[in-house]
Each structure stands twice: as structure tokens, then as C-alpha cells.
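Asks: Handing over run.txt, compact mmCIF, N, CA and C atoms.
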# COMPACT_ATOMS: atom_id res chain seq x y z
N MET A 29 76.20 23.78 -2.67
CA MET A 29 75.17 24.06 -1.69
C MET A 29 75.50 23.27 -0.42
N SER A 30 75.41 23.89 0.70
CA SER A 30 75.77 23.25 1.97
C SER A 30 74.64 22.33 2.45
N PRO A 31 74.96 21.35 3.29
CA PRO A 31 73.92 20.47 3.84
C PRO A 31 72.84 21.26 4.59
N ALA A 32 73.23 22.31 5.28
CA ALA A 32 72.24 23.12 6.02
C ALA A 32 71.23 23.74 5.06
N GLN A 33 71.71 24.22 3.92
CA GLN A 33 70.80 24.81 2.93
C GLN A 33 69.88 23.76 2.32
N ILE A 34 70.43 22.58 2.06
CA ILE A 34 69.62 21.50 1.48
C ILE A 34 68.51 21.10 2.45
N TRP A 35 68.86 20.89 3.74
CA TRP A 35 67.85 20.54 4.74
C TRP A 35 66.79 21.63 4.87
N PHE A 36 67.23 22.90 4.79
CA PHE A 36 66.28 24.00 4.89
C PHE A 36 65.29 23.98 3.73
N ILE A 37 65.78 23.76 2.52
CA ILE A 37 64.91 23.73 1.34
C ILE A 37 63.96 22.53 1.41
N VAL A 38 64.49 21.38 1.84
CA VAL A 38 63.63 20.20 2.00
C VAL A 38 62.54 20.49 3.02
N GLY A 39 62.89 21.13 4.12
CA GLY A 39 61.91 21.48 5.15
C GLY A 39 60.85 22.43 4.63
N LEU A 40 61.27 23.42 3.86
CA LEU A 40 60.33 24.37 3.28
C LEU A 40 59.37 23.65 2.34
N GLY A 41 59.90 22.74 1.53
CA GLY A 41 59.04 21.98 0.63
C GLY A 41 58.02 21.13 1.38
N LEU A 42 58.44 20.52 2.47
CA LEU A 42 57.52 19.70 3.25
C LEU A 42 56.44 20.54 3.95
N VAL A 43 56.83 21.68 4.46
CA VAL A 43 55.85 22.56 5.12
C VAL A 43 54.83 23.05 4.08
N LEU A 44 55.30 23.44 2.91
CA LEU A 44 54.37 23.90 1.86
C LEU A 44 53.52 22.75 1.34
N ALA A 45 54.06 21.54 1.29
CA ALA A 45 53.30 20.38 0.84
C ALA A 45 52.13 20.08 1.76
N GLU A 46 52.21 20.49 3.01
CA GLU A 46 51.12 20.27 3.95
C GLU A 46 49.83 20.90 3.46
N PHE A 47 49.93 22.01 2.75
CA PHE A 47 48.73 22.67 2.25
C PHE A 47 48.11 21.93 1.08
N ALA A 48 48.91 21.15 0.35
CA ALA A 48 48.40 20.36 -0.77
C ALA A 48 47.92 18.99 -0.32
N VAL A 49 48.53 18.45 0.71
CA VAL A 49 48.19 17.12 1.22
C VAL A 49 47.87 17.27 2.71
N PRO A 50 46.64 17.71 3.02
CA PRO A 50 46.32 17.95 4.43
C PRO A 50 46.34 16.67 5.26
N GLY A 51 46.56 16.83 6.52
CA GLY A 51 46.60 15.72 7.46
C GLY A 51 47.44 16.07 8.66
N VAL A 52 48.08 17.21 8.62
CA VAL A 52 48.91 17.75 9.69
C VAL A 52 49.99 16.74 10.08
N ILE A 53 50.71 16.27 9.08
CA ILE A 53 51.83 15.37 9.31
C ILE A 53 53.09 15.92 8.66
N LEU A 54 52.98 16.32 7.39
CA LEU A 54 54.16 16.78 6.66
C LEU A 54 54.81 18.00 7.29
N VAL A 55 54.01 18.85 7.92
CA VAL A 55 54.57 20.06 8.52
C VAL A 55 55.59 19.70 9.61
N PHE A 56 55.36 18.62 10.33
CA PHE A 56 56.29 18.24 11.39
C PHE A 56 57.58 17.64 10.82
N PHE A 57 57.47 16.96 9.67
CA PHE A 57 58.69 16.50 9.00
C PHE A 57 59.47 17.69 8.45
N GLY A 58 58.73 18.72 7.99
CA GLY A 58 59.39 19.94 7.55
C GLY A 58 60.12 20.63 8.69
N LEU A 59 59.48 20.67 9.86
CA LEU A 59 60.14 21.25 11.03
C LEU A 59 61.35 20.42 11.45
N GLY A 60 61.23 19.09 11.33
CA GLY A 60 62.36 18.21 11.61
C GLY A 60 63.53 18.46 10.67
N ALA A 61 63.23 18.73 9.41
CA ALA A 61 64.29 19.07 8.45
C ALA A 61 64.95 20.39 8.83
N TRP A 62 64.17 21.33 9.33
CA TRP A 62 64.75 22.60 9.77
C TRP A 62 65.62 22.42 11.00
N VAL A 63 65.24 21.52 11.89
CA VAL A 63 66.09 21.22 13.05
C VAL A 63 67.40 20.61 12.57
N ALA A 64 67.32 19.70 11.59
CA ALA A 64 68.53 19.10 11.02
C ALA A 64 69.37 20.17 10.33
N SER A 65 68.72 21.11 9.67
CA SER A 65 69.43 22.21 9.02
C SER A 65 70.18 23.06 10.05
N LEU A 66 69.52 23.37 11.14
CA LEU A 66 70.14 24.16 12.20
C LEU A 66 71.33 23.42 12.81
N CYS A 67 71.16 22.13 13.07
CA CYS A 67 72.25 21.34 13.65
C CYS A 67 73.43 21.25 12.67
N ALA A 68 73.15 21.11 11.38
CA ALA A 68 74.23 21.07 10.39
C ALA A 68 74.93 22.42 10.31
N TRP A 69 74.16 23.49 10.37
CA TRP A 69 74.73 24.84 10.28
C TRP A 69 75.61 25.15 11.50
N LEU A 70 75.16 24.71 12.68
CA LEU A 70 75.93 24.94 13.90
C LEU A 70 77.12 23.99 14.05
N GLY A 71 77.17 22.96 13.19
CA GLY A 71 78.26 22.01 13.25
C GLY A 71 78.04 20.88 14.23
N TRP A 72 76.84 20.74 14.75
CA TRP A 72 76.53 19.68 15.70
C TRP A 72 76.32 18.34 15.01
N ALA A 73 75.98 18.35 13.72
CA ALA A 73 75.76 17.12 12.95
C ALA A 73 76.58 17.24 11.67
N ASP A 74 77.79 16.67 11.70
CA ASP A 74 78.71 16.82 10.57
C ASP A 74 78.44 15.84 9.44
N THR A 75 78.01 14.64 9.77
CA THR A 75 77.84 13.61 8.76
C THR A 75 76.38 13.51 8.32
N VAL A 76 76.20 12.88 7.17
CA VAL A 76 74.83 12.68 6.66
C VAL A 76 74.04 11.79 7.62
N GLY A 77 74.69 10.79 8.18
CA GLY A 77 74.02 9.90 9.13
C GLY A 77 73.55 10.64 10.37
N ALA A 78 74.37 11.52 10.88
CA ALA A 78 73.99 12.30 12.07
C ALA A 78 72.84 13.24 11.73
N GLN A 79 72.89 13.84 10.55
CA GLN A 79 71.81 14.74 10.14
C GLN A 79 70.51 13.97 9.95
N ALA A 80 70.60 12.78 9.37
CA ALA A 80 69.40 11.95 9.18
C ALA A 80 68.83 11.53 10.53
N ALA A 81 69.69 11.22 11.48
CA ALA A 81 69.23 10.85 12.82
C ALA A 81 68.53 12.03 13.50
N VAL A 82 69.13 13.21 13.39
CA VAL A 82 68.51 14.41 13.97
C VAL A 82 67.15 14.65 13.32
N PHE A 83 67.09 14.52 11.99
CA PHE A 83 65.84 14.70 11.27
C PHE A 83 64.79 13.70 11.74
N SER A 84 65.15 12.44 11.82
CA SER A 84 64.20 11.39 12.21
C SER A 84 63.67 11.59 13.63
N VAL A 85 64.59 11.78 14.56
CA VAL A 85 64.19 11.92 15.96
C VAL A 85 63.38 13.19 16.17
N SER A 86 63.84 14.30 15.64
CA SER A 86 63.11 15.56 15.87
C SER A 86 61.74 15.53 15.19
N SER A 87 61.64 14.95 13.99
CA SER A 87 60.35 14.86 13.32
C SER A 87 59.37 14.02 14.13
N LEU A 88 59.84 12.89 14.63
CA LEU A 88 59.00 12.01 15.42
C LEU A 88 58.55 12.67 16.72
N VAL A 89 59.48 13.31 17.41
CA VAL A 89 59.15 13.99 18.67
C VAL A 89 58.15 15.12 18.42
N LEU A 90 58.37 15.91 17.38
CA LEU A 90 57.45 17.00 17.07
C LEU A 90 56.08 16.48 16.66
N LEU A 91 56.08 15.43 15.85
CA LEU A 91 54.81 14.86 15.39
C LEU A 91 53.99 14.31 16.56
N LEU A 92 54.61 13.50 17.39
CA LEU A 92 53.89 12.90 18.51
C LEU A 92 53.57 13.90 19.62
N GLY A 93 54.43 14.89 19.78
CA GLY A 93 54.25 15.83 20.87
C GLY A 93 53.34 17.01 20.57
N LEU A 94 53.30 17.44 19.32
CA LEU A 94 52.59 18.68 19.02
C LEU A 94 51.40 18.54 18.07
N ARG A 95 51.23 17.41 17.41
CA ARG A 95 50.19 17.29 16.38
C ARG A 95 48.81 17.60 16.93
N ARG A 96 48.48 17.07 18.08
CA ARG A 96 47.13 17.28 18.62
C ARG A 96 46.85 18.75 18.91
N TYR A 97 47.89 19.53 19.23
CA TYR A 97 47.69 20.95 19.52
C TYR A 97 47.53 21.79 18.26
N PHE A 98 48.18 21.37 17.18
CA PHE A 98 48.17 22.17 15.95
C PHE A 98 47.16 21.68 14.92
N LYS A 99 46.56 20.53 15.13
CA LYS A 99 45.66 19.96 14.13
C LYS A 99 44.50 20.89 13.82
N SER A 100 43.91 21.53 14.83
CA SER A 100 42.77 22.40 14.59
C SER A 100 43.15 23.63 13.77
N TRP A 101 44.41 24.05 13.82
CA TRP A 101 44.85 25.20 13.00
C TRP A 101 44.79 24.86 11.53
N PHE A 102 45.10 23.62 11.18
CA PHE A 102 45.18 23.23 9.79
C PHE A 102 43.89 22.64 9.26
N THR A 103 43.11 21.98 10.10
CA THR A 103 41.91 21.31 9.61
C THR A 103 40.65 22.13 9.82
N GLY A 104 40.67 23.17 10.59
CA GLY A 104 39.49 23.99 10.81
C GLY A 104 38.57 23.36 11.84
N PHE A 105 37.30 23.71 11.76
CA PHE A 105 36.33 23.26 12.74
C PHE A 105 35.75 21.92 12.34
N SER A 106 35.25 21.23 13.31
CA SER A 106 34.66 19.92 13.10
C SER A 106 33.46 19.76 14.00
N LYS A 107 32.53 18.93 13.57
CA LYS A 107 31.37 18.69 14.42
C LYS A 107 31.76 17.92 15.68
N THR A 108 32.95 17.33 15.70
CA THR A 108 33.39 16.63 16.90
C THR A 108 33.82 17.61 17.98
N ASN A 109 34.06 18.85 17.60
CA ASN A 109 34.42 19.88 18.56
C ASN A 109 33.14 20.37 19.23
N PRO A 110 32.99 20.21 20.53
CA PRO A 110 31.74 20.58 21.20
C PRO A 110 31.38 22.05 21.03
N ASP A 111 32.37 22.94 21.02
CA ASP A 111 32.07 24.37 20.86
C ASP A 111 31.48 24.64 19.49
N THR A 112 32.03 24.02 18.45
CA THR A 112 31.52 24.22 17.10
C THR A 112 30.14 23.62 16.95
N ALA A 113 29.92 22.45 17.50
CA ALA A 113 28.61 21.80 17.42
C ALA A 113 27.56 22.68 18.09
N ARG A 114 27.89 23.29 19.21
CA ARG A 114 26.96 24.16 19.91
C ARG A 114 26.67 25.41 19.08
N GLU A 115 27.69 25.97 18.44
CA GLU A 115 27.48 27.14 17.59
C GLU A 115 26.59 26.80 16.41
N MET A 116 26.77 25.61 15.82
CA MET A 116 25.95 25.21 14.69
C MET A 116 24.51 24.97 15.14
N ASP A 117 24.32 24.49 16.35
CA ASP A 117 22.97 24.29 16.88
C ASP A 117 22.25 25.62 17.04
N ASP A 118 23.00 26.71 17.22
CA ASP A 118 22.39 28.03 17.35
C ASP A 118 21.74 28.48 16.04
N PHE A 119 22.06 27.84 14.91
CA PHE A 119 21.46 28.18 13.61
C PHE A 119 20.01 27.69 13.54
N ILE A 120 19.73 26.60 14.24
CA ILE A 120 18.42 25.96 14.13
C ILE A 120 17.32 26.89 14.63
N GLY A 121 16.26 27.01 13.78
CA GLY A 121 15.13 27.87 14.10
C GLY A 121 15.28 29.29 13.58
N LYS A 122 16.44 29.64 13.07
CA LYS A 122 16.66 30.99 12.54
C LYS A 122 16.11 31.10 11.11
N GLN A 123 15.77 32.32 10.73
CA GLN A 123 15.20 32.57 9.40
C GLN A 123 16.30 32.88 8.39
N VAL A 124 16.06 32.47 7.15
CA VAL A 124 16.94 32.77 6.03
C VAL A 124 16.09 33.32 4.90
N ARG A 125 16.74 34.06 4.00
CA ARG A 125 16.06 34.57 2.80
C ARG A 125 16.59 33.80 1.60
N VAL A 126 15.71 33.27 0.78
CA VAL A 126 16.08 32.48 -0.39
C VAL A 126 16.60 33.41 -1.48
N LEU A 127 17.80 33.13 -1.96
CA LEU A 127 18.42 33.94 -3.01
C LEU A 127 18.22 33.33 -4.40
N SER A 128 18.16 32.01 -4.48
CA SER A 128 17.88 31.34 -5.75
C SER A 128 16.89 30.21 -5.46
N ALA A 129 15.98 29.99 -6.40
CA ALA A 129 14.91 29.01 -6.22
C ALA A 129 15.47 27.65 -5.80
N ILE A 130 14.74 26.99 -4.91
CA ILE A 130 15.14 25.68 -4.42
C ILE A 130 13.99 24.71 -4.66
N ALA A 131 14.30 23.61 -5.31
CA ALA A 131 13.31 22.55 -5.52
C ALA A 131 13.73 21.34 -4.69
N PRO A 132 12.79 20.49 -4.33
CA PRO A 132 13.14 19.29 -3.55
C PRO A 132 14.23 18.47 -4.26
N GLY A 133 15.26 18.13 -3.51
CA GLY A 133 16.37 17.35 -4.06
C GLY A 133 17.44 18.18 -4.75
N LEU A 134 17.22 19.47 -4.92
CA LEU A 134 18.20 20.35 -5.55
C LEU A 134 18.64 21.43 -4.59
N ARG A 135 19.89 21.84 -4.71
CA ARG A 135 20.41 22.89 -3.83
C ARG A 135 20.17 24.26 -4.44
N GLY A 136 20.05 25.22 -3.53
CA GLY A 136 19.94 26.60 -3.92
C GLY A 136 20.76 27.44 -2.96
N LYS A 137 20.62 28.75 -3.07
CA LYS A 137 21.38 29.66 -2.21
C LYS A 137 20.42 30.43 -1.32
N VAL A 138 20.86 30.64 -0.07
CA VAL A 138 20.11 31.45 0.88
C VAL A 138 21.07 32.44 1.53
N GLU A 139 20.49 33.48 2.12
CA GLU A 139 21.29 34.45 2.86
C GLU A 139 21.00 34.26 4.34
N PHE A 140 22.08 34.13 5.11
CA PHE A 140 21.95 33.98 6.56
C PHE A 140 23.10 34.72 7.21
N LYS A 141 22.78 35.61 8.11
CA LYS A 141 23.78 36.43 8.82
C LYS A 141 24.69 37.17 7.84
N GLY A 142 24.13 37.64 6.75
CA GLY A 142 24.89 38.44 5.78
C GLY A 142 25.78 37.65 4.85
N ALA A 143 25.71 36.32 4.91
CA ALA A 143 26.55 35.48 4.04
C ALA A 143 25.66 34.55 3.21
N ASN A 144 26.14 34.18 2.04
CA ASN A 144 25.43 33.24 1.19
C ASN A 144 25.78 31.81 1.61
N TRP A 145 24.76 30.99 1.72
CA TRP A 145 24.91 29.59 2.11
C TRP A 145 24.23 28.71 1.08
N SER A 146 24.75 27.51 0.93
CA SER A 146 24.09 26.48 0.14
C SER A 146 22.97 25.91 1.00
N ALA A 147 21.83 25.61 0.36
CA ALA A 147 20.70 25.10 1.15
C ALA A 147 19.92 24.06 0.35
N GLU A 148 19.29 23.16 1.10
CA GLU A 148 18.39 22.15 0.53
C GLU A 148 17.08 22.21 1.29
N SER A 149 16.00 21.88 0.56
CA SER A 149 14.69 21.90 1.19
C SER A 149 13.81 20.82 0.57
N SER A 150 12.91 20.29 1.37
CA SER A 150 11.92 19.35 0.83
C SER A 150 10.74 20.11 0.23
N ASP A 151 10.69 21.42 0.47
CA ASP A 151 9.66 22.29 -0.09
C ASP A 151 10.20 22.99 -1.33
N THR A 152 9.30 23.44 -2.19
CA THR A 152 9.69 24.27 -3.32
C THR A 152 9.67 25.72 -2.84
N LEU A 153 10.81 26.38 -2.95
CA LEU A 153 10.94 27.76 -2.48
C LEU A 153 11.38 28.65 -3.62
N ALA A 154 10.77 29.82 -3.73
CA ALA A 154 11.11 30.77 -4.79
C ALA A 154 12.05 31.83 -4.23
N GLU A 155 12.71 32.52 -5.14
CA GLU A 155 13.59 33.61 -4.75
C GLU A 155 12.81 34.65 -3.95
N GLY A 156 13.36 35.07 -2.81
CA GLY A 156 12.72 36.05 -1.95
C GLY A 156 11.90 35.45 -0.82
N ASP A 157 11.61 34.15 -0.90
CA ASP A 157 10.87 33.49 0.19
C ASP A 157 11.69 33.50 1.48
N VAL A 158 10.98 33.39 2.59
CA VAL A 158 11.62 33.27 3.89
C VAL A 158 11.45 31.83 4.35
N ALA A 159 12.55 31.25 4.85
CA ALA A 159 12.51 29.86 5.31
C ALA A 159 13.16 29.77 6.68
N VAL A 160 13.07 28.59 7.29
CA VAL A 160 13.60 28.35 8.62
C VAL A 160 14.61 27.22 8.56
N ILE A 161 15.72 27.36 9.26
CA ILE A 161 16.76 26.33 9.31
C ILE A 161 16.33 25.23 10.28
N HIS A 162 16.40 23.98 9.81
CA HIS A 162 16.08 22.84 10.67
C HIS A 162 17.30 22.05 11.07
N ARG A 163 18.33 22.08 10.22
CA ARG A 163 19.52 21.28 10.48
C ARG A 163 20.68 21.88 9.68
N VAL A 164 21.89 21.63 10.15
CA VAL A 164 23.09 22.05 9.44
C VAL A 164 23.88 20.78 9.10
N ASP A 165 24.19 20.62 7.82
CA ASP A 165 24.96 19.46 7.37
C ASP A 165 26.21 19.99 6.67
N GLY A 166 27.31 20.08 7.42
CA GLY A 166 28.54 20.66 6.86
C GLY A 166 28.31 22.14 6.59
N LEU A 167 28.40 22.52 5.32
CA LEU A 167 28.17 23.91 4.94
C LEU A 167 26.84 24.08 4.22
N CYS A 168 25.99 23.08 4.31
CA CYS A 168 24.67 23.13 3.69
C CYS A 168 23.60 23.23 4.78
N LEU A 169 22.72 24.21 4.62
CA LEU A 169 21.63 24.38 5.56
C LEU A 169 20.41 23.61 5.05
N LYS A 170 19.79 22.85 5.93
CA LYS A 170 18.55 22.13 5.61
C LYS A 170 17.41 23.01 6.11
N ILE A 171 16.58 23.47 5.18
CA ILE A 171 15.56 24.47 5.50
C ILE A 171 14.17 23.99 5.08
N SER A 172 13.15 24.69 5.54
CA SER A 172 11.79 24.46 5.10
C SER A 172 11.04 25.80 5.12
N ARG A 173 9.92 25.80 4.41
CA ARG A 173 9.11 27.01 4.32
C ARG A 173 8.71 27.49 5.70
N LYS A 174 8.75 28.79 5.92
CA LYS A 174 8.34 29.37 7.19
C LYS A 174 6.83 29.28 7.29
N ILE A 175 6.37 28.79 8.43
CA ILE A 175 4.93 28.63 8.64
C ILE A 175 4.40 29.77 9.46
Hey, can you dump this file as C-alpha cells for me?
Replies:
Amino acid sequence: MSPAQIWFIVGLGLVLAEFAVPGVILVFFGLGAWVASLCAWLGWADTVGAQAAVFSVSSLVLLLGLRRYFKSWFTGFSKTNPDTAREMDDFIGKQVRVLSAIAPGLRGKVEFKGANWSAESSDTLAEGDVAVIHRVDGLCLKISRKI
């Protein structure tokens, strides 16, 4: 197996590992391995030391230069994102339909905008009741009986 093929396989493993160990770091080391693979294939890095140097430098440059741009692709939305926080605030005051009974301190299911959501309430709500969203906590809606 040629060094270019080995670097390519290592890069593929690192890119795939990003999905198992999130943090948006391993993907850049995987891309660095692919850069080393390309340099080895083109003959620009003949020795293991040169390939390791290409891998190290390219991984570091990619990590420091691109991580902030790609992080949202891998981590999804966050309440620290102003656009997402504003969208979640749009939920407040909207009505939901209770799909499974909810008791104080226990979660149940509600329907909102055609999707099922986890919900908590300080009120006892039965299946079919209508409630109002007061707060959004992650993927859990905090609701109360509609008055």
C-alpha cells in the first residue's frame, strides 16, 4: 500500500470519527491527512517526515482558519445564535395540543406546527387539552393550561 493510500484512509477515518466524537476538530485533521495524501501522491513529500510535516501544518492551518465557519454545520443551532434565539422566542404564546397526559414534574408529548414535541407543565393536562407555550428549554416546551 502506498503512503498516499495510507494517508487517504487515515483521513477518511478521522473525518468519519467526527460524527462519533463531535467537536469539529477531527474533520480538520482528516482534511490534513488528505492534503498529505495528495502531496505524497504528487511526489512533493517523499519521506515520512515531510508527509508528517505537511499533515501537521495543513491540519493546524485548516483548524485555525476554518473551524469557526464550519462549526455550525456540525453542531446545529444554539441559543447563542441570535437568529435561533429569535426564532425560539416566536414559539412563546402559541397554542399546542396535548398528545399524552402531562402531570407536574413529568414530561409528555404535544403537537406544535405539525410536529411532536416533548413538554413539561406545572398544570395537570389531559390528552386533547389545549395549552400555551411559555418558554422553550432546548427541545422541551414549557407549557401551561390555556386560560
Asks: Any chance you could tabulate, as CSV, the residues of segment 31-144 of chain A at most 5 Å from segment 156-164 of chain A with each one's nearest atom pair and distance in Å to one decimal, using all atoms listed in the file, in chain and rising number order?
Replies:
residue,atom,partner,partner_atom,distance
A:Ile120,CA,A:Ile161,C,4.4
A:Gly121,N,A:Ile161,C,3.9
A:Lys122,C,A:Ile161,N,4.2
A:Gln123,CA,A:Ala159,C,4.4
A:Val124,N,A:Ala159,C,4.0
A:Arg125,CA,A:Asp157,C,4.7
A:Val126,C,A:Gly156,N,3.9
A:Leu127,N,A:Gly156,N,4.9
Asks: Between A:Gly60, A:Asp151, A:Gly93, A:Ala80, which is the closest to Ala131 of chain A once you count all atoms listed in the file?
Replies: A:Asp151
Asks: Can you tell me, as a PDB file with N, CA and C atoms, in the frame of the given file, what residues are no more than 7 Å from segment 144-146 of chain A when counting only N, CA and C atoms, ignoring any on the same chain fewer than 6 positions away?
Replies:
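See around.pdb below for the written result:
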ATOM      1  N   ARG A 135      19.890  21.840  -4.710  1.00  0.00           N
ATOM      2  CA  ARG A 135      20.410  22.890  -3.830  1.00  0.00           C
ATOM      3  C   ARG A 135      20.170  24.260  -4.440  1.00  0.00           C
ATOM      4  N   GLY A 136      20.050  25.220  -3.530  1.00  0.00           N
ATOM      5  CA  GLY A 136      19.940  26.600  -3.920  1.00  0.00           C
ATOM      6  C   GLY A 136      20.760  27.440  -2.960  1.00  0.00           C
ATOM      7  N   LYS A 137      20.620  28.750  -3.070  1.00  0.00           N
ATOM      8  CA  LYS A 137      21.380  29.660  -2.210  1.00  0.00           C
ATOM      9  C   LYS A 137      20.420  30.430  -1.320  1.00  0.00           C
ATOM     10  N   VAL A 138      20.860  30.640  -0.070  1.00  0.00           N
ATOM     11  CA  VAL A 138      20.110  31.450   0.880  1.00  0.00           C
ATOM     12  C   VAL A 138      21.070  32.440   1.530  1.00  0.00           C
ATOM     13  N   LEU A 167      28.400  22.520   5.320  1.00  0.00           N
ATOM     14  CA  LEU A 167      28.170  23.910   4.940  1.00  0.00           C
ATOM     15  C   LEU A 167      26.840  24.080   4.220  1.00  0.00           C
ATOM     16  N   CYS A 168      25.990  23.080   4.310  1.00  0.00           N
ATOM     17  CA  CYS A 168      24.670  23.130   3.690  1.00  0.00           C
ATOM     18  C   CYS A 168      23.600  23.230   4.780  1.00  0.00           C
ATOM     19  N   LEU A 169      22.720  24.210   4.620  1.00  0.00           N
ATOM     20  CA  LEU A 169      21.630  24.380   5.560  1.00  0.00           C
ATOM     21  C   LEU A 169      20.410  23.610   5.050  1.00  0.00           C
ATOM     22  N   LYS A 170      19.790  22.850   5.930  1.00  0.00           N
ATOM     23  CA  LYS A 170      18.550  22.130   5.610  1.00  0.00           C
ATOM     24  C   LYS A 170      17.410  23.010   6.110  1.00  0.00           C
TER      25      LYS A 170
END
Asks: Atom CA of Tyr97 of chain A and atom CA of Val52 of chain A are how many Å apart?
Replies: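 Interatomic distance, atom CA of Tyr97 of chain A to atom CA of Val52 of chain A: 10.4 Å.
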Asks: What's the separation between atom CA of Ser65 of chain A and atom N of Ser84 of chain A, in Å to one decimal place?
Replies: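 So the answer is 11.0 Å.
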Asks: Report, in Å with one decimal, the straight-line distance from atom CA of Ser30 of chain A to atom N of Val85 of chain A.
Replies: 20.4 Å
Asks: Which of these, A:Thr75, A:Ser87, A:Lys174, A:Phe119, has the shortest distance to Leu42 of chain A once you count only C-alpha atoms?
Replies: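 Ranking A:Thr75, A:Ser87, A:Lys174, A:Phe119 by distance to Leu42 of chain A, first place goes to A:Ser87.
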Asks: Excluding segment 43-46 of chain A and its own-chain neighbours fewer than 5 positions away, which residues fall within 7 Å of it when counting only N, CA and C atoms? Please give them as a VMD selection string.
Replies: chain A and resid 38 51 to 59
Asks: Hey, can I get the axis-aligned box for segment 159-173 of chain A? All listed atoms, 6 Å padding on each side, centre and edge lengths in Å to one decimal, as lines of an AutoDock Vina configuration file.
Replies:
center_x = 18.6
center_y = 25.4
center_z = 7.4
size_x = 31.8
size_y = 23.8
size_z = 19.4
Asks: Can you work out which one of A:Ser86, A:Ser172, A:Gln33, A:Gln79 has the shortest atom-to-atom distance to Ser149 of chain A, counting only C-alpha atoms?
Replies: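 Comparing A:Ser86, A:Ser172, A:Gln33, A:Gln79 against Ser149 of chain A, the winner is A:Ser172.
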Asks: Run DSSP on the backbone and grab whatever in segment 76-175 of chain A lands in strand (DSSP E); send it over as a count of residues only.
Replies: 31
Asks: Could you check which of A:Asp165, A:Gly142, A:Glu155, A:Glu148 is closest to Ser128 of chain A, using all atoms listed in the file?
Replies: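 When distances to Ser128 of chain A are compared using all atoms listed in the file, the smallest one comes from A:Glu155.
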Asks: Pick out the closest residue to Arg173 of chain A from this set: A:Gly77, A:Gly71, A:Leu88, A:Ser150. Count all atoms listed in the file.
Replies: A:Ser150
Asks: Could you write segment 36-41 of chain A as a short mmCIF file (atom, residue, chain, number, x, y, z; two decimals), keeping the file's coordinate frame, with all heavy atoms rebuilt where they are missing?
Replies:
data_model
loop_
_atom_site.label_atom_id
_atom_site.label_comp_id
_atom_site.auth_asym_id
_atom_site.auth_seq_id
_atom_site.Cartn_x
_atom_site.Cartn_y
_atom_site.Cartn_z
N PHE A 36 67.23 22.90 4.79
CA PHE A 36 66.28 24.00 4.89
C PHE A 36 65.29 23.98 3.73
O PHE A 36 64.08 24.13 3.92
CB PHE A 36 66.99 25.35 4.95
CG PHE A 36 66.04 26.50 5.17
CD1 PHE A 36 65.61 26.82 6.44
CD2 PHE A 36 65.55 27.23 4.10
CE1 PHE A 36 64.71 27.85 6.66
CE2 PHE A 36 64.65 28.26 4.30
CZ PHE A 36 64.23 28.58 5.59
N ILE A 37 65.78 23.76 2.52
CA ILE A 37 64.91 23.73 1.34
C ILE A 37 63.96 22.53 1.41
O ILE A 37 62.78 22.64 1.08
CB ILE A 37 65.75 23.73 0.05
CG1 ILE A 37 66.44 25.09 -0.10
CG2 ILE A 37 64.91 23.42 -1.18
CD1 ILE A 37 67.51 25.14 -1.17
N VAL A 38 64.49 21.38 1.84
CA VAL A 38 63.63 20.20 2.00
C VAL A 38 62.54 20.49 3.02
O VAL A 38 61.36 20.17 2.81
CB VAL A 38 64.47 18.96 2.41
CG1 VAL A 38 63.59 17.82 2.88
CG2 VAL A 38 65.36 18.52 1.26
N GLY A 39 62.89 21.13 4.12
CA GLY A 39 61.91 21.48 5.15
C GLY A 39 60.85 22.43 4.63
O GLY A 39 59.66 22.26 4.89
N LEU A 40 61.27 23.42 3.86
CA LEU A 40 60.33 24.37 3.28
C LEU A 40 59.37 23.65 2.34
O LEU A 40 58.15 23.90 2.37
CB LEU A 40 61.08 25.49 2.55
CG LEU A 40 60.22 26.57 1.91
CD1 LEU A 40 59.42 27.32 2.98
CD2 LEU A 40 61.10 27.54 1.12
N GLY A 41 59.90 22.74 1.53
CA GLY A 41 59.04 21.98 0.63
C GLY A 41 58.02 21.13 1.38
O GLY A 41 56.86 21.05 0.98
#
